[in-house]
Amino acid sequence: MAIVGKTSSSRSFRVSRNMLTALMVLFILYSFAPIVYVLLSSTKSNADLFTTFGFWFGNSFALWDNLQLVFAYQNSIFSTWLWNSFVYSTTIAVGAALLSTWAAYAFSKYEFRGKKAIFATVLGAVMIPQTALVVPLFLLVTSMGLVNTPWAFILPSMVSPFGVYLMKSYIDESVPSELIDAARVDGASEFRIFWSIAFRLMAPGFSTVVLLNFVWSWNNYFLPLVVLSSSNTLPVTVGLAQWYKLGGGAGGAILYSIVLTGAVVSIVPVVILFLFMQRYWLGGLTTGSVKA
Amino acid sequence: MTDISARPLRPARRRSSKWAQKLAPYFFLAPFLALFIVFLVVPLFYALQLSFFRETMVGGIRFVGLDNYGKALTDQKFWDGVLLLLRYGLFQLPVMLGAALLLALILDSGMLWARAFFRLGLFLPYAVPTVIAALIWGYLYGPSFGPMTQVADYFGLPRPDLFNAQTMLYAIANISIWEHVGYFMIIYFAALQAIPADFEEAAVVSGARAWQYVIYVKLPLIRGTILVTVIFATIGALQLFAEPYLLEALAPAVITSSYTPNIYAYNLAFVNQDYNYSAAISFVLGAVVAVVSYVFQLVSTRREGK
């Protein structure tokens with residue numbers, strides 16, 4: 001879509017296009033600078049960090065040494081953190097997506113008592129700031145004996161009202177009720193209809209919710225910070241932040257390289273997911289807000 | 001209907017499937033609802049209950065009614081945090097959402113080289129976890145080997161001090177803007193793309209200029225989306241925690257234990273072990289969020305009615 005009154009051949013169009021592209025390049029530089037910086041820094045020795053310019057390579061290429069340092073520091077706890085993040089995020093993503101999809105399917109394709117009230121409550125919960133719940137959640141998981149176990153982070157994170165909302169709009173559009181009725185006439189059970197007919201049709205939406213929840217849990221900090229305390233249960237965000245805070249004080253300069261390189265390692269999985277699954281991200285993030 | 005009578009088994013099966021149809025939604029809903037109640041509804045009411053009690057050295061836990069809220073209302077530390085959030089929000093929200101809208105309008109204008117690249121590139125920071133973003137920017141700002149200091153030193157300029165009481169707020173806002181501007185851009189862009197092309201043709205015919213088309217046609221059409229993003233961004237801003245919590249390592253004198261209400265609530269609970277007062281603070285903050293969202297919605301529906 002071109003801007004009103006300008007055709008692509010006119011001179012003013014070309015001038016505007018170049019100016020706007022230049023403006024976008026400035027924003028792109030802003031977007032990329034921290035990422036470029038952390039990538040470059042992960043290739044530097046600790047000495048080079050202080051003596052060479054931040055936005056260029058150092059005198060030595062120390063990426064492999066740094067990686068070894070990161071994975072060896074404190075009895076190789078970093079690989080445990082990465083693994084924890086992976087296990088937590090995968091479990092949360094699949095669990096949250098399944099729960100949301102089932103619930104959304106019930107809201108979308110069935111009539112039952114209290115449907116409107118329950119759906120309104122779930123929607124309202126999207127507005128509740130998660131942080132208001134963290135302290136009571138901590139006390140709750142403590143009284144359940146779950147504190148400092150993976151479940152203290154996983155179970156509360158599986159509740160995704162936004163996922164329900166997203167899946168409901170997706171199912172409304174992609175699963176025709178006539179198809180379900182036809183399957184009923186053929187004698188298929190309700191669960192069979194869900195798994196062998198409806199679920200296939202909603203698979204793209206389901207993938208979106210899995211992806212979004214994976215990234216949100218990978219990036220989550222506040223909840224795991226509060227409910228997990230022993231070092232070998234931490235996800236990588238909390239662990240790395242701990243090292244960072246150590247390095248800020250008297251922890252020693254050696255931590256700079258370790259934290260910078262650890263930061264690179266911990267964003268690689270999400271960035272890869274983000275680049276390769278663009279279509280799902282973009283679809284999911286925009287569904288809810290554009291319609292509202 | 002004749003084919004049903006042709007198959008005698010059908011009516012019986014139909015009756016059982018009617019029952020299945022009645023029960024099935026509860027089965028589908030049960031797992032979500034169970035966790036929703038246990039991990040969202042219960043904590044909410046638990047927090048409310050907690051906030052009505054106080055733990056004392058001698059008397060144990062006792063009911064104090066609204067005392068904790070009364071204490072919060074006169075708590076200078078809490079209100080300093082609220083004031084800080086207000087200053088933060090008044091800067092961060094307009095800059096972030098304004099930039100996001102501008103970027104989306106440029107993307108949508110079709111007057112751009114390599115549009116797909118820009119869309120993806122500007123969204124990339126959203127994939128970076130907040131804590132990681134905060135620590136990377138912490139290094140970038142850093143006085144010891146941050147590039148900003150290096151550039152200043154190279155040109156013989158005074159080193160930028162991003163960690164004093166005045167500048168810290170903007171240093172934090174910048175991290176959050178960097179992370180989220182692409183996210184809001186994507187949302188605006190999708191809304192802009194949904195505007196039918198007929199509108200533009202009509203604007204061309206009536207001789208509208210580009211900026212007039214944007215202000216009088218495009219922006220009013222995506223008003224609903226803008227409203228939603230303002231609410232989401234406000235909720236996000238009120239919960240400010242990770243960025244200042246991380247930067248505290250660099251500027252412990254500026255980022256106090258009550259820098260934002262959220263940090264205050266965290267420290268009250270997990271440093272002071274004062275869960276009751278912490279719950280009250282969280283609840284006041286949550287109530288503010290609810291009121292803000294409600295007022296935004298009210299204002300918007302009122303305007304729509306006119």
# chains A, B, ... in the order shown; residues from 1 in each chain; ligands from 1
call {"tool": "residues_around", "arguments": {"residues": "Tyr165 in chain A", "least_positions_apart": "5", "cutoff": "10 Å", "atoms": "only C-alpha atoms", "output": "list of chain:residue names"}}
result
A:Ser100, A:Thr101, A:Ala103, A:Ala104, A:Phe107, A:Phe119, A:Val122, A:Leu123, A:Val126, A:Ser160, A:Tyr170, A:Thr287, A:Gly288
call {"tool": "closest_residue", "arguments": {"among": "A:Ala96, A:Ala22, A:Leu211, A:Val87", "to": "Ser157 in chain A", "atoms": "only C-alpha atoms"}}
result
A:Ala96
call {"tool": "select_by_dssp", "arguments": {"residues": "range 33-264 of chain A", "states": "helix (DSSP H, G or I)", "output": "ChimeraX atom specification"}}
result
/A:33-41,46-51,63-109,115-125,130-143,150-157,161-174,177-185,190-201,203-219,222-227,231-233,236-248,254-264
call {"tool": "closest_residue", "arguments": {"among": "A:Phe13, A:Tyr37, A:Tyr30, A:Phe274", "to": "Pro147 in chain B", "atoms": "only C-alpha atoms"}}
result
A:Tyr37
call {"tool": "atom_distance", "arguments": {"atom1": "CA of Arg184 in chain A", "atom2": "CA of Ala30 in chain B"}}
result
22.2 Å
call {"tool": "residues_around", "arguments": {"residues": "range 55-68 of chain A", "least_positions_apart": "2", "cutoff": "8 Å", "atoms": "only C-alpha atoms", "output": "ChimeraX atom specification"}}
result
/A:36-37,40-45,48-49,52-53,70-72,257-258,261-262 /B:147
call {"tool": "write_last_selection", "arguments": {"atoms": "N, CA, C and O atoms", "output": "compact mmCIF listing (two decimals), in the first residue's frame"}}
result
# COMPACT_ATOMS: atom_id res chain seq x y z
N VAL A 36 24.87 -7.04 19.26
CA VAL A 36 26.21 -7.05 18.65
C VAL A 36 27.27 -6.92 19.75
O VAL A 36 28.27 -7.64 19.77
N TYR A 37 27.00 -6.01 20.69
CA TYR A 37 27.96 -5.77 21.78
C TYR A 37 28.21 -7.05 22.59
O TYR A 37 29.35 -7.42 22.87
N LEU A 40 30.16 -9.62 20.51
CA LEU A 40 31.58 -9.27 20.42
C LEU A 40 32.28 -9.51 21.76
O LEU A 40 33.38 -10.06 21.81
N SER A 41 31.62 -9.10 22.84
CA SER A 41 32.24 -9.24 24.16
C SER A 41 32.50 -10.69 24.53
O SER A 41 33.46 -11.00 25.23
N SER A 42 31.64 -11.58 24.03
CA SER A 42 31.82 -12.99 24.38
C SER A 42 33.05 -13.57 23.70
O SER A 42 33.49 -14.67 24.03
N THR A 43 33.63 -12.84 22.73
CA THR A 43 34.83 -13.35 22.06
C THR A 43 36.11 -12.77 22.66
O THR A 43 37.20 -13.03 22.17
N LYS A 44 35.94 -11.93 23.73
CA LYS A 44 37.11 -11.23 24.26
C LYS A 44 37.62 -11.83 25.56
O LYS A 44 36.81 -12.32 26.37
N SER A 45 38.91 -11.73 25.74
CA SER A 45 39.46 -12.10 27.03
C SER A 45 39.08 -11.00 28.02
O SER A 45 38.72 -9.90 27.63
N ASP A 48 40.89 -7.79 27.44
CA ASP A 48 40.45 -7.06 26.26
C ASP A 48 39.16 -6.29 26.51
O ASP A 48 38.92 -5.25 25.90
N LEU A 49 38.33 -6.80 27.41
CA LEU A 49 37.09 -6.10 27.73
C LEU A 49 37.37 -4.68 28.18
O LEU A 49 36.65 -3.75 27.86
N THR A 52 40.00 -2.80 24.96
CA THR A 52 39.66 -2.60 23.55
C THR A 52 38.24 -2.06 23.42
O THR A 52 37.42 -2.21 24.32
N PHE A 53 37.96 -1.44 22.26
CA PHE A 53 36.67 -0.78 22.04
C PHE A 53 35.53 -1.81 22.05
O PHE A 53 35.62 -2.88 21.45
N VAL A 70 32.58 -20.50 31.36
CA VAL A 70 31.17 -20.46 31.75
C VAL A 70 30.71 -21.83 32.20
O VAL A 70 30.08 -21.98 33.26
N PHE A 71 31.02 -22.85 31.39
CA PHE A 71 30.50 -24.17 31.71
C PHE A 71 31.25 -24.85 32.85
O PHE A 71 30.77 -25.83 33.41
N ALA A 72 32.44 -24.33 33.17
CA ALA A 72 33.19 -24.96 34.26
C ALA A 72 32.96 -24.27 35.61
O ALA A 72 33.08 -24.89 36.65
N SER A 257 33.53 -11.68 31.90
CA SER A 257 33.54 -12.53 30.71
C SER A 257 32.53 -13.65 30.85
O SER A 257 31.81 -13.98 29.91
N ILE A 258 32.47 -14.22 32.03
CA ILE A 258 31.59 -15.35 32.24
C ILE A 258 30.13 -14.94 32.05
O ILE A 258 29.37 -15.61 31.34
N THR A 261 29.39 -14.04 28.30
CA THR A 261 29.31 -15.22 27.46
C THR A 261 28.08 -16.06 27.82
O THR A 261 27.38 -16.58 26.94
N GLY A 262 27.81 -16.16 29.12
CA GLY A 262 26.60 -16.87 29.56
C GLY A 262 25.34 -16.24 28.99
O GLY A 262 24.40 -16.93 28.61
N PRO B 147 31.07 0.92 26.46
CA PRO B 147 31.42 1.66 25.24
C PRO B 147 31.10 3.15 25.32
O PRO B 147 31.80 3.97 24.72
call {"tool": "atom_distance", "arguments": {"atom1": "CA of Leu124 in chain B", "atom2": "CA of Leu23 in chain A"}}
result
17.6 Å
call {"tool": "atom_distance", "arguments": {"atom1": "CA of Phe199 in chain A", "atom2": "CA of Val164 in chain A"}}
result
14.6 Å
call {"tool": "residues_around", "arguments": {"residues": "Trp243 in chain A", "least_positions_apart": "4", "cutoff": "7 Å", "atoms": "only C-alpha atoms", "output": "list in words"}}
result
Gly239, Gly247 and Val259 of chain A
call {"tool": "residues_around", "arguments": {"residues": "range 85-93 of chain B", "least_positions_apart": "5", "cutoff": "7 Å", "atoms": "only C-alpha atoms", "output": "list in words"}}
result
Leu169, Ala173, Ile177, Ala233, Ala237, Leu238 and Thr260 of chain B
call {"tool": "residues_around", "arguments": {"residues": "Trp195 in chain A", "least_positions_apart": "4", "cutoff": "12 Å", "atoms": "only C-alpha atoms", "output": "list in words"}}
result
Leu98, Thr101, Trp102, Tyr105, Ile180, Ala188, Ser189, Glu190, Phe191, Phe199, Arg200, Leu201, Met202 and Ala203 of chain A; Phe28 of chain B
call {"tool": "residues_around", "arguments": {"residues": "Met168 in chain B", "least_positions_apart": "5", "cutoff": "8 Å", "atoms": "only C-alpha atoms", "output": "VMD selection string"}}
result
chain B and resid 162 to 163 254
call {"tool": "closest_residue", "arguments": {"among": "A:Asn232, A:Ser207, A:Thr21, A:Gln242", "to": "Tyr280 in chain A", "atoms": "only C-alpha atoms"}}
result
A:Ser207
call {"tool": "closest_residue", "arguments": {"among": "B:Met185, B:Val41, B:Ala249, B:Val295", "to": "chain A", "atoms": "only C-alpha atoms"}}
result
B:Ala249
call {"tool": "closest_residue", "arguments": {"among": "A:Ile154, A:Ile77, A:Ala117, A:Leu137", "to": "chain B", "atoms": "only C-alpha atoms"}}
result
A:Leu137
call {"tool": "select_by_dssp", "arguments": {"residues": "range 55-128 of chain B", "states": "strand (DSSP E)", "output": "ChimeraX atom specification"}}
result
/B:55-56,60-63
call {"tool": "closest_residue", "arguments": {"among": "A:Thr208, A:Asn219, A:Ser108, A:Thr237", "to": "Leu282 in chain A", "atoms": "only C-alpha atoms"}}
result
A:Thr208
